Amino acid sequence: MKKPASRHYPRRLELNGTSVDFRLMTTDDAAALTGFIGQLPVHDLLFVRRDISHPKVIAAWLSSLGEQVTSLAAYAGDQLVGCSAVVVDSWSWSAHVGDLRILVAPEWRGVGLGGVLIRESVNLAVSQGLEKLTVQMTVDQSAAITAFEALGFQPESVLRNHVRDHEGHTYDLALLSLDVNELNALASGKGMVTAMND
């Protein structure tokens with residue numbers, strides 16, 4: 001069983017001239033999460049391993065909170081504008097590894113929200129005792145790849161024609177990872193510090 005998250009939420013940060021509240025996701029976020037996912041471009045959903053546009057997948061995500069999944073929700077007022085998830089399979093041979101997923105509303109890109117969600121998720125992973133984080137995205141999502149690399153993630157591999165969207169188009173999938181054990185060395189030069197101070 002993984003350690004409980006030791007970060008303290010909610011947290012508030014000013015982004016894009018608006019107060020954004022970050023808190024741990026709960027089942028109470030179901031309606032907001034469903035609406036948020038429904039407004040995302042389909043290509044964005046390829047960031048995650050399952051088709052989260054399906055209600056059963058959303059339900060499974062929410063039912064796994066606190067066990068296999070630790071998720072953050074970012075709200076501007078009552079609108080969900082971004083979220084993250086650190087997913088761990090505690091029964092696998094890779095129980096020390098978390099799979100990181102970040103989703104940001106299109107109108108909130110380029111203002112630092114994604115970076116905050118990444119940093120907060122890394123801090124959560126550290127507090128849970130994880131040793132490595134992985135993230136995946138299609139290779140054409142260059143802005144996202146750049147954001148992760150700027151925070152210390154390194155390319156691991158590219159899987160050819162690994163994902164297929166609803167229209168049957170296939171895409172190459174890039175896998176990046178962060179060795180959490182090297183976090184202290186990265187912190188001084190690559191921004192891996194507590195995103196919002198206690």
# chains A, B, ... in the order shown; residues from 1 in each chain; ligands from 1
>>> select_by_dssp(residues="stretch 8-173 of chain A", states="alpha helix (DSSP H)", output="NGL selection string")
:A and (30-39 or 55-63 or 113-127 or 142-150)
>>> closest_atom_pairs(of="stretch 28-107 of chain A", to="stretch 170-181 of chain A", cutoff="12 Å", atoms="only C-alpha atoms", output="CSV")
residue,atom,partner,partner_atom,distance
A:His43,CA,A:Tyr171,CA,10.1
A:Leu46,CA,A:Leu173,CA,8.9
A:Phe47,CA,A:Leu173,CA,9.1
A:Val48,CA,A:Leu173,CA,10.9
A:Arg49,CA,A:Leu173,CA,10.8
A:His96,CA,A:Val180,CA,10.2
A:Val97,CA,A:Asp179,CA,9.4
A:Gly98,CA,A:Ser177,CA,9.7
A:Asp99,CA,A:Ser177,CA,9.1
A:Leu100,CA,A:Ser177,CA,9.3
A:Arg101,CA,A:Leu176,CA,11.7
>>> closest_residue(among="A:Arg50, A:Arg23, A:Lys56, A:Arg164", to="A:Tyr75", atoms="only C-alpha atoms")
A:Arg23
>>> select_by_dssp(residues="stretch 15-106 of chain A", states="strand (DSSP E)", output="VMD selection string")
chain A and resid 15 18 to 24 69 to 76 79 to 87 97 to 104
